[in-house]
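Visitor: Please find query-v6.pdb (PDB, C-alpha atoms and all ligand atoms) on the next line:
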ATOM      1  CA  MET A 247      34.437 -21.667  17.556
ATOM      2  CA  SER A 248      32.296 -20.133  20.293
ATOM      3  CA  SER A 249      28.626 -20.257  21.216
ATOM      4  CA  PHE A 250      28.221 -16.796  19.682
ATOM      5  CA  ASP A 251      28.860 -18.299  16.219
ATOM      6  CA  ALA A 252      25.174 -19.286  16.190
ATOM      7  CA  PHE A 253      24.481 -15.700  15.101
ATOM      8  CA  ARG A 254      26.764 -16.055  12.063
ATOM      9  CA  TYR A 255      26.003 -17.372   8.562
ATOM     10  CA  ASP A 256      29.328 -18.991   7.596
ATOM     11  CA  GLY A 257      28.731 -21.781   5.089
ATOM     12  CA  LYS A 258      25.068 -20.875   4.709
ATOM     13  CA  ARG A 259      23.283 -20.117   1.459
ATOM     14  CA  VAL A 260      20.853 -17.223   1.727
ATOM     15  CA  VAL A 261      18.177 -16.044  -0.718
ATOM     16  CA  VAL A 262      16.757 -12.534  -0.371
ATOM     17  CA  VAL A 263      13.620 -11.873  -2.402
ATOM     18  CA  GLY A 264      13.307  -8.123  -2.887
ATOM     19  CA  GLY A 265      16.932  -7.406  -2.066
ATOM     20  CA  ALA A 266      17.687  -4.677  -4.622
ATOM     21  CA  THR A 267      16.856  -1.845  -2.216
ATOM     22  CA  GLY A 268      15.638  -1.061   1.281
ATOM     23  CA  ILE A 269      15.377  -3.601   4.081
ATOM     24  CA  GLY A 270      16.021  -6.526   1.712
ATOM     25  CA  ALA A 271      19.247  -4.965   0.432
ATOM     26  CA  ALA A 272      20.384  -4.365   4.003
ATOM     27  CA  ALA A 273      19.588  -7.999   4.851
ATOM     28  CA  ALA A 274      21.569  -9.209   1.829
ATOM     29  CA  GLN A 275      24.600  -7.085   2.785
ATOM     30  CA  LEU A 276      24.376  -8.190   6.410
ATOM     31  CA  ALA A 277      24.179 -11.850   5.368
ATOM     32  CA  LEU A 278      27.319 -11.359   3.235
ATOM     33  CA  ASP A 279      29.078  -9.715   6.170
ATOM     34  CA  ALA A 280      27.974 -12.623   8.386
ATOM     35  CA  GLY A 281      29.676 -15.109   6.087
ATOM     36  CA  ALA A 282      26.880 -16.307   3.797
ATOM     37  CA  GLU A 283      26.726 -16.986   0.087
ATOM     38  CA  VAL A 284      23.904 -14.675  -1.048
ATOM     39  CA  VAL A 285      21.428 -14.819  -3.918
ATOM     40  CA  VAL A 286      19.274 -11.720  -4.463
ATOM     41  CA  MET A 287      16.043 -12.036  -6.407
ATOM     42  CA  ASP A 288      14.343  -8.836  -7.488
ATOM     43  CA  TYR A 289      12.327  -7.138 -10.177
ATOM     44  CA  ALA A 290      14.749  -4.203 -10.100
ATOM     45  CA  LYS A 291      18.428  -4.254 -11.063
ATOM     46  CA  VAL A 292      20.658  -5.529  -8.267
ATOM     47  CA  ALA A 293      23.761  -3.366  -7.860
ATOM     48  CA  MET A 294      25.325  -5.074  -4.833
ATOM     49  CA  PRO A 295      28.792  -6.593  -5.405
ATOM     50  CA  GLY A 296      29.394 -10.112  -4.159
ATOM     51  CA  VAL A 297      25.863 -11.488  -4.588
ATOM     52  CA  ARG A 298      24.296 -13.518  -7.373
ATOM     53  CA  ALA A 299      21.367 -11.630  -8.895
ATOM     54  CA  ILE A 300      18.323 -13.398 -10.331
ATOM     55  CA  HIS A 301      15.460 -11.551 -11.966
ATOM     56  CA  VAL A 302      11.987 -12.274 -10.586
ATOM     57  CA  ASN A 303       8.613 -10.654 -10.932
ATOM     58  CA  LEU A 304       6.511 -11.817  -7.994
ATOM     59  CA  ALA A 305       3.372 -10.796  -9.867
ATOM     60  CA  GLU A 306       3.955 -13.614 -12.403
ATOM     61  CA  ARG A 307       3.910 -17.292 -11.494
ATOM     62  CA  ASP A 308       6.105 -18.330 -14.435
ATOM     63  CA  SER A 309       8.728 -15.762 -13.479
ATOM     64  CA  ILE A 310       8.823 -17.134  -9.931
ATOM     65  CA  ASP A 311       9.155 -20.715 -11.193
ATOM     66  CA  LYS A 312      11.990 -19.685 -13.501
ATOM     67  CA  ALA A 313      13.809 -17.777 -10.734
ATOM     68  CA  VAL A 314      13.556 -20.675  -8.275
ATOM     69  CA  ASP A 315      14.791 -23.120 -10.910
ATOM     70  CA  GLU A 316      17.677 -20.791 -11.794
ATOM     71  CA  CYS A 317      18.619 -20.517  -8.108
ATOM     72  CA  GLY A 318      18.523 -24.281  -7.493
ATOM     73  CA  GLY A 319      20.562 -25.907  -4.719
ATOM     74  CA  ARG A 320      20.151 -25.749  -0.967
ATOM     75  CA  VAL A 321      18.707 -22.662   0.736
ATOM     76  CA  ASP A 322      19.456 -22.262   4.448
ATOM     77  CA  ALA A 323      17.686 -18.932   4.921
ATOM     78  CA  LEU A 324      15.005 -17.332   2.780
ATOM     79  CA  PHE A 325      14.161 -13.691   3.360
ATOM     80  CA  SER A 326      10.857 -12.790   1.684
ATOM     81  CA  CYS A 327      11.215  -9.007   1.723
ATOM     82  CA  ALA A 328       9.682  -7.592  -1.464
ATOM     83  CA  GLY A 329       6.560  -5.527  -1.018
ATOM     84  CA  VAL A 330       4.649  -2.737  -2.722
ATOM     85  CA  ALA A 331       2.239  -0.064  -1.550
ATOM     86  CA  ASP A 332      -1.439   0.467  -2.301
ATOM     87  CA  GLY A 333      -1.988   1.576  -5.875
ATOM     88  CA  THR A 334       0.499  -0.907  -7.362
ATOM     89  CA  PRO A 335      -1.186  -3.254  -9.833
ATOM     90  CA  GLY A 336      -0.765  -6.879  -8.756
ATOM     91  CA  ILE A 337      -0.278  -6.036  -5.065
ATOM     92  CA  GLU A 338      -2.184  -9.205  -4.089
ATOM     93  CA  ARG A 339       0.363 -11.292  -6.030
ATOM     94  CA  ILE A 340       3.509  -9.357  -5.060
ATOM     95  CA  ASN A 341       2.813  -9.010  -1.327
ATOM     96  CA  PHE A 342       1.315 -12.445  -0.645
ATOM     97  CA  ALA A 343       0.480 -14.961  -3.406
ATOM     98  CA  GLY A 344       3.902 -14.647  -5.048
ATOM     99  CA  HIS A 345       5.896 -15.060  -1.842
ATOM    100  CA  ARG A 346       3.788 -18.089  -0.860
ATOM    101  CA  HIS A 347       4.214 -19.630  -4.303
ATOM    102  CA  LEU A 348       7.987 -19.121  -4.180
ATOM    103  CA  ILE A 349       8.143 -20.846  -0.778
ATOM    104  CA  ASP A 350       5.906 -23.681  -2.016
ATOM    105  CA  ARG A 351       8.111 -24.211  -5.056
ATOM    106  CA  MET A 352      11.276 -24.262  -2.954
ATOM    107  CA  LEU A 353       9.642 -26.777  -0.616
ATOM    108  CA  LYS A 354       8.493 -28.949  -3.510
ATOM    109  CA  LYS A 355      12.006 -28.989  -4.938
ATOM    110  CA  GLU A 356      13.370 -29.757  -1.436
ATOM    111  CA  MET A 357      15.599 -26.674  -1.536
ATOM    112  CA  LEU A 358      14.537 -25.762   2.013
ATOM    113  CA  GLY A 359      15.679 -28.635   4.179
ATOM    114  CA  ARG A 360      15.876 -29.457   7.881
ATOM    115  CA  GLY A 361      17.530 -26.607   9.776
ATOM    116  CA  SER A 362      16.510 -23.951   7.250
ATOM    117  CA  ALA A 363      14.456 -20.877   8.118
ATOM    118  CA  ILE A 364      12.205 -18.351   6.415
ATOM    119  CA  CYS A 365      11.610 -14.732   7.408
ATOM    120  CA  MET A 366       8.895 -12.687   5.728
ATOM    121  CA  ILE A 367       8.136  -8.991   6.191
ATOM    122  CA  SER A 368       4.705  -7.880   7.314
ATOM    123  CA  SER A 369       3.871  -4.410   8.689
ATOM    124  CA  ALA A 370       1.838  -2.598  11.320
ATOM    125  CA  ALA A 371      -0.977  -3.296   8.835
ATOM    126  CA  GLY A 372      -0.628  -6.992   9.672
ATOM    127  CA  LEU A 373      -1.211  -6.522  13.405
ATOM    128  CA  GLY A 374      -4.454  -7.913  14.793
ATOM    129  CA  TRP A 375      -4.648 -10.602  12.091
ATOM    130  CA  GLU A 376      -6.063 -12.979  14.707
ATOM    131  CA  LYS A 377      -9.499 -11.361  14.567
ATOM    132  CA  SER A 378      -9.665 -12.015  10.801
ATOM    133  CA  PHE A 379      -8.205 -15.507  10.983
ATOM    134  CA  ALA A 380     -11.422 -17.383  10.166
ATOM    135  CA  GLU A 381     -11.813 -15.497   6.905
ATOM    136  CA  LEU A 382      -8.083 -15.488   6.160
ATOM    137  CA  SER A 383      -8.120 -19.286   6.534
ATOM    138  CA  GLU A 384     -10.159 -19.433   3.323
ATOM    139  CA  LEU A 385      -7.323 -17.601   1.591
ATOM    140  CA  LEU A 386      -4.692 -19.847   3.175
ATOM    141  CA  ASP A 387      -6.675 -22.895   2.042
ATOM    142  CA  THR A 388      -6.386 -21.855  -1.615
ATOM    143  CA  PRO A 389      -4.096 -24.359  -3.280
ATOM    144  CA  ASP A 390      -1.959 -22.164  -5.494
ATOM    145  CA  PHE A 391      -0.836 -18.777  -6.817
ATOM    146  CA  ASP A 392      -3.795 -18.164  -9.139
ATOM    147  CA  THR A 393      -6.508 -19.153  -6.665
ATOM    148  CA  ALA A 394      -4.940 -17.090  -3.873
ATOM    149  CA  ALA A 395      -4.692 -14.004  -6.118
ATOM    150  CA  LYS A 396      -8.286 -14.556  -7.313
ATOM    151  CA  TRP A 397      -9.552 -14.910  -3.726
ATOM    152  CA  LEU A 398      -7.955 -11.623  -2.670
ATOM    153  CA  VAL A 399      -9.381  -9.757  -5.670
ATOM    154  CA  GLU A 400     -12.865 -11.270  -5.366
ATOM    155  CA  HIS A 401     -13.037 -10.496  -1.637
ATOM    156  CA  ASN A 402     -11.914  -6.884  -2.178
ATOM    157  CA  LYS A 403      -8.744  -7.605  -0.242
ATOM    158  CA  ALA A 404      -6.177  -6.856  -2.939
ATOM    159  CA  ASP A 405      -4.571  -4.130  -0.840
ATOM    160  CA  TYR A 406      -1.669  -3.483   1.535
ATOM    161  CA  PHE A 407      -3.630  -4.027   4.765
ATOM    162  CA  ASN A 408      -5.103  -7.388   3.802
ATOM    163  CA  THR A 409      -1.969  -8.779   2.132
ATOM    164  CA  LYS A 410       0.030  -8.007   5.291
ATOM    165  CA  GLN A 411      -2.697  -9.578   7.466
ATOM    166  CA  ALA A 412      -2.361 -12.636   5.221
ATOM    167  CA  VAL A 413       1.423 -12.774   5.744
ATOM    168  CA  CYS A 414       1.018 -12.852   9.547
ATOM    169  CA  ALA A 415      -1.742 -15.482   9.418
ATOM    170  CA  TYR A 416       0.270 -17.610   6.965
ATOM    171  CA  VAL A 417       3.376 -17.530   9.155
ATOM    172  CA  ALA A 418       1.362 -18.446  12.262
ATOM    173  CA  ARG A 419      -0.507 -21.277  10.553
ATOM    174  CA  GLU A 420       2.419 -22.809   8.661
ATOM    175  CA  ALA A 421       4.819 -22.832  11.614
ATOM    176  CA  PHE A 422       3.780 -26.252  12.926
ATOM    177  CA  PRO A 423       3.646 -28.211   9.653
ATOM    178  CA  LEU A 424       6.945 -26.650   8.605
ATOM    179  CA  LEU A 425       8.533 -27.440  11.965
ATOM    180  CA  GLN A 426       7.638 -31.078  11.385
ATOM    181  CA  ARG A 427       9.934 -30.801   8.357
ATOM    182  CA  GLY A 428      12.611 -29.067  10.481
ATOM    183  CA  ILE A 429      11.955 -25.618   9.001
ATOM    184  CA  ARG A 430      11.164 -22.422  10.930
ATOM    185  CA  ILE A 431       9.126 -19.481   9.610
ATOM    186  CA  ASN A 432       8.673 -16.025  11.129
ATOM    187  CA  ALA A 433       7.859 -12.503  10.035
ATOM    188  CA  ALA A 434       9.064  -9.079  11.038
ATOM    189  CA  CYS A 435       6.734  -6.185  11.470
ATOM    190  CA  PRO A 436       8.878  -3.073  10.971
ATOM    191  CA  GLY A 437       7.901   0.349  12.135
ATOM    192  CA  PRO A 438       8.526   3.266   9.776
ATOM    193  CA  THR A 439      11.865   2.678   8.045
ATOM    194  CA  ASP A 440      13.674   5.071   5.747
ATOM    195  CA  THR A 441      13.652   3.176   2.425
ATOM    196  CA  PRO A 442      12.787   4.101  -1.172
ATOM    197  CA  LEU A 443       9.298   2.606  -0.681
ATOM    198  CA  ALA A 444       8.662   4.631   2.476
ATOM    199  CA  GLN A 445      10.031   7.789   0.825
ATOM    200  CA  ALA A 446       7.672   7.259  -2.117
ATOM    201  CA  ASN A 447       4.760   7.164   0.356
ATOM    202  CA  LYS A 448       6.272   9.456   2.964
ATOM    203  CA  GLU A 449       3.107  11.436   3.713
ATOM    204  CA  THR A 450       1.567   8.305   5.227
ATOM    205  CA  TRP A 451       4.442   5.895   5.911
ATOM    206  CA  LEU A 452       6.998   8.223   7.486
ATOM    207  CA  THR A 453       4.558  10.481   9.313
ATOM    208  CA  PHE A 454       3.020   7.421  11.030
ATOM    209  CA  GLY A 455       4.068   7.607  14.695
ATOM    210  CA  SER A 456       6.246  10.713  14.148
ATOM    211  CA  ASP A 457       4.733  12.370  17.247
ATOM    212  CA  PHE A 458       5.776   9.294  19.284
ATOM    213  CA  ARG A 459       9.281   9.345  17.844
ATOM    214  CA  ASP A 460       9.632  13.064  18.562
ATOM    215  CA  ALA A 461       8.507  12.479  22.161
ATOM    216  CA  ALA A 462      10.932   9.553  22.536
ATOM    217  CA  GLY A 463      13.804  11.289  20.741
ATOM    218  CA  VAL A 464      14.207   8.583  18.069
ATOM    219  CA  ARG A 465      14.128   8.618  14.251
ATOM    220  CA  PRO A 466      12.587   6.181  11.753
ATOM    221  CA  SER A 467      14.636   2.993  11.534
ATOM    222  CA  THR A 468      17.395   2.576   9.023
ATOM    223  CA  PRO A 469      17.091  -0.487   6.753
ATOM    224  CA  LEU A 470      20.066  -2.044   8.567
ATOM    225  CA  GLU A 471      18.379  -1.661  11.962
ATOM    226  CA  GLN A 472      15.474  -3.732  10.615
ATOM    227  CA  ALA A 473      17.746  -6.221   8.847
ATOM    228  CA  TYR A 474      19.452  -7.143  12.144
ATOM    229  CA  SER A 475      16.184  -8.665  13.445
ATOM    230  CA  LEU A 476      15.580 -10.536  10.203
ATOM    231  CA  LEU A 477      19.040 -12.092  10.280
ATOM    232  CA  PHE A 478      18.597 -13.065  13.922
ATOM    233  CA  LEU A 479      15.279 -14.797  13.229
ATOM    234  CA  CYS A 480      16.791 -17.017  10.497
ATOM    235  CA  SER A 481      20.020 -17.695  12.392
ATOM    236  CA  ASN A 482      20.901 -20.718  14.513
ATOM    237  CA  ALA A 483      20.540 -18.365  17.487
ATOM    238  CA  ALA A 484      16.740 -18.467  17.210
ATOM    239  CA  PRO A 485      15.953 -22.219  17.240
ATOM    240  CA  ALA A 486      12.998 -21.834  19.605
ATOM    241  CA  ILE A 487      11.353 -19.053  17.623
ATOM    242  CA  THR A 488       8.846 -19.915  14.927
ATOM    243  CA  GLY A 489       5.382 -18.735  13.916
ATOM    244  CA  ILE A 490       5.777 -15.232  15.297
ATOM    245  CA  THR A 491       5.527 -11.749  13.912
ATOM    246  CA  LEU A 492       8.294  -9.753  15.581
ATOM    247  CA  VAL A 493       7.190  -6.168  16.127
ATOM    248  CA  ALA A 494      10.176  -3.875  15.502
ATOM    249  CA  ASP A 495       8.561  -0.462  15.933
ATOM    250  CA  ALA A 496      10.765   1.189  18.590
ATOM    251  CA  GLY A 497       8.093   0.489  21.195
ATOM    252  CA  TRP A 498       5.233   2.462  19.611
ATOM    253  CA  LEU A 499       2.618  -0.317  19.821
ATOM    254  CA  ASN A 500       3.116  -1.201  23.464
ATOM    255  CA  ALA A 501       3.420   2.460  24.499
ATOM    256  CA  GLY A 502      -0.038   2.830  22.982
ATOM    257  CA  ILE A 503      -1.521  -0.334  24.499
ATOM    258  CA  THR A 504      -0.244   0.411  27.995
ATOM    259  CA  GLY A 505      -1.009   4.119  27.781
ATOM    260  CA  THR A 506       2.536   5.281  28.535
ATOM    261  CA  TYR A 507       2.159   7.261  25.305
ATOM    262  CA  PRO A 508      -1.617   7.977  25.290
ATOM    263  CA  PRO A 509      -1.834   9.570  21.792
ATOM    264  CA  ALA A 510      -1.008   6.141  20.321
ATOM    265  CA  THR A 511      -3.569   4.223  22.389
ATOM    266  CA  ASP A 512      -6.627   4.423  20.132
ATOM    267  CA  ILE A 513      -4.833   3.568  16.925
ATOM    268  CA  ALA A 514      -2.821   0.771  18.612
ATOM    269  CA  LYS A 515      -6.028  -0.778  19.982
ATOM    270  CA  LEU A 516      -7.748  -0.338  16.642
ATOM    271  CA  LEU A 517      -4.910  -2.128  14.832
ATOM    272  CA  LEU A 518      -5.098  -4.984  17.342
ATOM    273  CA  GLY A 519      -8.900  -5.113  17.200
ATOM    274  CA  ARG A 520      -9.114  -4.540  20.954
ATOM    275  CA  PHE A 521     -11.959  -2.027  21.066
TER     276      PHE A 521
HETATM  277  N1  LIG A 601       9.808   1.000   4.881
HETATM  278  C1  LIG A 601       8.884   0.882   5.806
HETATM  279  O1  LIG A 601       8.580   1.826   6.551
HETATM  280  C2  LIG A 601       8.172  -0.434   6.008
HETATM  281  C3  LIG A 601       7.345  -0.600   7.118
HETATM  282  C4  LIG A 601       6.674  -1.809   7.290
HETATM  283  C5  LIG A 601       6.845  -2.817   6.375
HETATM  284  N2  LIG A 601       7.656  -2.632   5.285
HETATM  285  C6  LIG A 601       7.807  -3.752   4.358
HETATM  286  O2  LIG A 601       9.185  -4.012   4.187
HETATM  287  C7  LIG A 601       9.389  -4.685   2.940
HETATM  288  C8  LIG A 601      10.563  -4.053   2.225
HETATM  289  O3  LIG A 601      10.203  -2.740   1.856
HETATM  290  P1  LIG A 601      11.211  -1.516   1.805
HETATM  291  O4  LIG A 601      10.608  -0.455   2.625
HETATM  292  O5  LIG A 601      12.574  -1.990   2.069
HETATM  293  O6  LIG A 601      11.005  -1.044   0.283
HETATM  294  P2  LIG A 601      11.889  -1.134  -1.032
HETATM  295  O7  LIG A 601      11.015  -0.633  -2.140
HETATM  296  O8  LIG A 601      13.204  -0.487  -0.824
HETATM  297  O9  LIG A 601      12.134  -2.696  -1.201
HETATM  298  C9  LIG A 601      11.216  -3.530  -1.817
HETATM  299  C10 LIG A 601      11.904  -4.378  -2.862
HETATM  300  O10 LIG A 601      10.904  -5.188  -3.472
HETATM  301  C11 LIG A 601      11.161  -5.207  -4.865
HETATM  302  N3  LIG A 601       9.946  -5.508  -5.619
HETATM  303  C12 LIG A 601       8.872  -4.721  -5.801
HETATM  304  N4  LIG A 601       7.988  -5.303  -6.630
HETATM  305  C13 LIG A 601       8.515  -6.498  -6.977
HETATM  306  C14 LIG A 601       8.086  -7.554  -7.805
HETATM  307  N5  LIG A 601       6.945  -7.485  -8.504
HETATM  308  N6  LIG A 601       8.860  -8.645  -7.918
HETATM  309  C15 LIG A 601      10.050  -8.712  -7.257
HETATM  310  N7  LIG A 601      10.521  -7.741  -6.466
HETATM  311  C16 LIG A 601       9.756  -6.636  -6.338
HETATM  312  C17 LIG A 601      11.672  -3.799  -5.164
HETATM  313  O11 LIG A 601      12.334  -3.729  -6.431
HETATM  314  C18 LIG A 601      12.553  -3.538  -3.971
HETATM  315  O12 LIG A 601      13.881  -3.974  -4.196
HETATM  316  C19 LIG A 601       8.063  -4.581   2.181
HETATM  317  O13 LIG A 601       7.395  -5.829   2.262
HETATM  318  C20 LIG A 601       7.294  -3.519   2.950
HETATM  319  O14 LIG A 601       5.913  -3.700   2.851
HETATM  320  C21 LIG A 601       8.330  -1.463   5.077
END
Give the structure from the file, written as structure tokens.
Guide:
Amino acid sequence: MSSFDAFRYDGKRVVVVGGATGIGAAAAQLALDAGAEVVVMDYAKVAMPGVRAIHVNLAERDSIDKAVDECGGRVDALFSCAGVADGTPGIERINFAGHRHLIDRMLKKEMLGRGSAICMISSAAGLGWEKSFAELSELLDTPDFDTAAKWLVEHNKADYFNTKQAVCAYVAREAFPLLQRGIRINAACPGPTDTPLAQANKETWLTFGSDFRDAAGVRPSTPLEQAYSLLFLCSNAAPAITGITLVADAGWLNAGITGTYPPATDIAKLLLGRF
């Protein structure tokens, strides 16, 4: 035993929602390598050896309820990774309402106990959520899956930008009440990452910030490079961290804000609502 063991997952039970491919799959593999027992929930087939696969469609409340019931037991770390791009029917349910409902159901069944942690995935689209917090509070006040999905549709916010804003606001607002139950919640905000989802939208997702990366001599992240931060946030090595959105964008945002990379300044300020 050493103090560095706080980074490990030995004896922990981990659930990765959206772990069939991309960042979620990398998180599931990393959790296995770190010593955890891993359950992967996904809409797609899960090919990874050594994990228990459970089918879930985040766009359907009954499917989420069934998946959570099938999982059962204690969950020490929940990684809420699944996400879809604009143009996918049900995006308001998959990217926000479904994840929130899954967390609520796990809480209700007392599967997430003291010492457990949740990590969601937002995006650069979620940055600057603070300026929309008053309106987003109406969404967060909705009591359940159906009312949250309805609110997003009726307010013309059933899209990638607004669902990721909602994730950041949710994490920030829930951190205190969850901490009172001994549970931490954070989100990661990855920069462009080479995954099937990014490849399917590569004209927008993988070109974003490519001038910055060329100037810095770096490439888009690999899924594993993003998964490292997720695993850290839910580990015992991050006990003082809750309610944050960790920006993992290879420094693009702050190079823009500070003007060390001026071509990123306008868009960085726009995203943060600082004009
Ligand atoms: N790749 C990037 O550049 C990037 C950047 C910022 C944020 N993100 C976010 O990272 C997260 C992971 O995305 P990724 O890039 O690894 O993509 P990905 O497509 O490889 O992974 C997403 C996973 O979600 C699953 N999924 C999709 N719809 C589902 C549904 N209805 N029910 C259950 N599971 C479903 C998919 O089957 C897949 O396994 C997403 O939330 C995405 O918005 C990605």
Visitor: I need the output of the PyMOL selection byres (((chain A and resi 334-349) around 8) and not hetatm) for this file as a PyMOL selection string; which residues are they?
Guide: chain A and resi 303-307+310-311+314+326+328-333+350-353+390-392+394-395+398-399+403-406+409-410+412-413
Visitor: Given the PyMOL selection byres (((not hetatm)) within 7 of (chain A and resi 601)) and the file above, list the residues it selects as a PyMOL selection string.
Guide: chain A and resi 263-270+287-290+302-305+327-331+340-341+367-370+435-444+451-452+469
Visitor: Limited to C-alpha atoms, could you put the picked residues into a file as an mmCIF file, in the frame of the given file?
Guide:
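Final output, part.cif:
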data_model
loop_
_atom_site.group_PDB
_atom_site.id
_atom_site.type_symbol
_atom_site.label_atom_id
_atom_site.label_comp_id
_atom_site.auth_asym_id
_atom_site.auth_seq_id
_atom_site.Cartn_x
_atom_site.Cartn_y
_atom_site.Cartn_z
ATOM 1 C CA VAL A 263 13.620 -11.873 -2.402
ATOM 2 C CA GLY A 264 13.307 -8.123 -2.887
ATOM 3 C CA GLY A 265 16.932 -7.406 -2.066
ATOM 4 C CA ALA A 266 17.687 -4.677 -4.622
ATOM 5 C CA THR A 267 16.856 -1.845 -2.216
ATOM 6 C CA GLY A 268 15.638 -1.061 1.281
ATOM 7 C CA ILE A 269 15.377 -3.601 4.081
ATOM 8 C CA GLY A 270 16.021 -6.526 1.712
ATOM 9 C CA MET A 287 16.043 -12.036 -6.407
ATOM 10 C CA ASP A 288 14.343 -8.836 -7.488
ATOM 11 C CA TYR A 289 12.327 -7.138 -10.177
ATOM 12 C CA ALA A 290 14.749 -4.203 -10.100
ATOM 13 C CA VAL A 302 11.987 -12.274 -10.586
ATOM 14 C CA ASN A 303 8.613 -10.654 -10.932
ATOM 15 C CA LEU A 304 6.511 -11.817 -7.994
ATOM 16 C CA ALA A 305 3.372 -10.796 -9.867
ATOM 17 C CA CYS A 327 11.215 -9.007 1.723
ATOM 18 C CA ALA A 328 9.682 -7.592 -1.464
ATOM 19 C CA GLY A 329 6.560 -5.527 -1.018
ATOM 20 C CA VAL A 330 4.649 -2.737 -2.722
ATOM 21 C CA ALA A 331 2.239 -0.064 -1.550
ATOM 22 C CA ILE A 340 3.509 -9.357 -5.060
ATOM 23 C CA ASN A 341 2.813 -9.010 -1.327
ATOM 24 C CA ILE A 367 8.136 -8.991 6.191
ATOM 25 C CA SER A 368 4.705 -7.880 7.314
ATOM 26 C CA SER A 369 3.871 -4.410 8.689
ATOM 27 C CA ALA A 370 1.838 -2.598 11.320
ATOM 28 C CA CYS A 435 6.734 -6.185 11.470
ATOM 29 C CA PRO A 436 8.878 -3.073 10.971
ATOM 30 C CA GLY A 437 7.901 0.349 12.135
ATOM 31 C CA PRO A 438 8.526 3.266 9.776
ATOM 32 C CA THR A 439 11.865 2.678 8.045
ATOM 33 C CA ASP A 440 13.674 5.071 5.747
ATOM 34 C CA THR A 441 13.652 3.176 2.425
ATOM 35 C CA PRO A 442 12.787 4.101 -1.172
ATOM 36 C CA LEU A 443 9.298 2.606 -0.681
ATOM 37 C CA ALA A 444 8.662 4.631 2.476
ATOM 38 C CA TRP A 451 4.442 5.895 5.911
ATOM 39 C CA LEU A 452 6.998 8.223 7.486
ATOM 40 C CA PRO A 469 17.091 -0.487 6.753
#
Visitor: Determine the residue membership of the PyMOL selection byres (((chain A and resi 358-365) around 7) and not hetatm) for the file above and supply it as a PyMOL selection string.
Guide: chain A and resi 320-326+352-353+356-357+366-367+427-433+476+479-480
Visitor: Which one of A:Leu386, A:Ala293, A:Leu477, A:Val417 sits closest to A:Leu278 if you count all atoms listed in the file?
Guide: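 Answer, going by the shortest atom-to-atom distance: A:Leu477.
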Visitor: So, counting only C-alpha atoms, which residue among A:Cys317, A:Ala434, A:Ala462, A:Ile490 is closest to A:Thr506?
Guide: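 Closest to A:Thr506 of all the choices is A:Ala462.
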Visitor: Please work out which residues fall within 7 Å of (29.1, -16.8, 7.6), coordinates as given in the file, with all atoms listed in the file counting, and return them as a PyMOL selection string.
Guide: chain A and resi 254-258+280-282
Visitor: How many Å lie between atom CA of A:Pro466 and atom CA of A:Ala514, rounded to one decimal?
Guide: 17.7 Å
Visitor: Please report the interatomic distance between atom CA of A:Leu382 and atom CA of A:His401 in Å with one decimal.
Guide: 10.5 Å
Visitor: Hey, can you check how far atom CA of A:Gly489 sits from atom CA of A:Thr388?
Guide: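 Atom-to-atom, atom CA of A:Gly489 to atom CA of A:Thr388, that is 19.7 Å.
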Visitor: Compile the contact shell of stretch 372-374 of chain A as a list in words: residues with an atom at most 7 Å away, counting only C-alpha atoms, same-chain residues fewer than 6 positions apart removed.
Guide: Phe407, Lys410, Gln411, Cys414, Leu517, Leu518 and Gly519 of chain A
Visitor: Using only C-alpha atoms, which residues sit within 12 Å of A:Val464 once same-chain residues fewer than 2 positions away are excluded, as a list in words?
Guide: Gly437, Pro438, Thr439, Gly455, Ser456, Asp457, Phe458, Arg459, Asp460, Ala461, Ala462, Pro466, Ser467, Thr468, Asp495, Ala496, Gly497 and Trp498 of chain A
Visitor: Between A:Thr488, A:Phe253, A:Ser378, A:Ala473, which one has atoms that come closest to A:Gln275, using only C-alpha atoms?
Guide: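 Counting only C-alpha atoms, the residue closest to A:Gln275 is A:Ala473.
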Visitor: Pick out the closest residue to A:Lys355 from this set: A:Glu400, A:Asp308, A:Ala371, A:Asp315. Count all atoms listed in the file.
Guide: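 That would be A:Asp315, the residue with the smallest distance to A:Lys355.
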Visitor: For A:Val285, which residue out of A:Val261, A:Ala273, A:Ala510, A:Ala484 is the nearest one, using only C-alpha atoms?
Guide: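 Comparing A:Val261, A:Ala273, A:Ala510, A:Ala484 against A:Val285, the winner is A:Val261.
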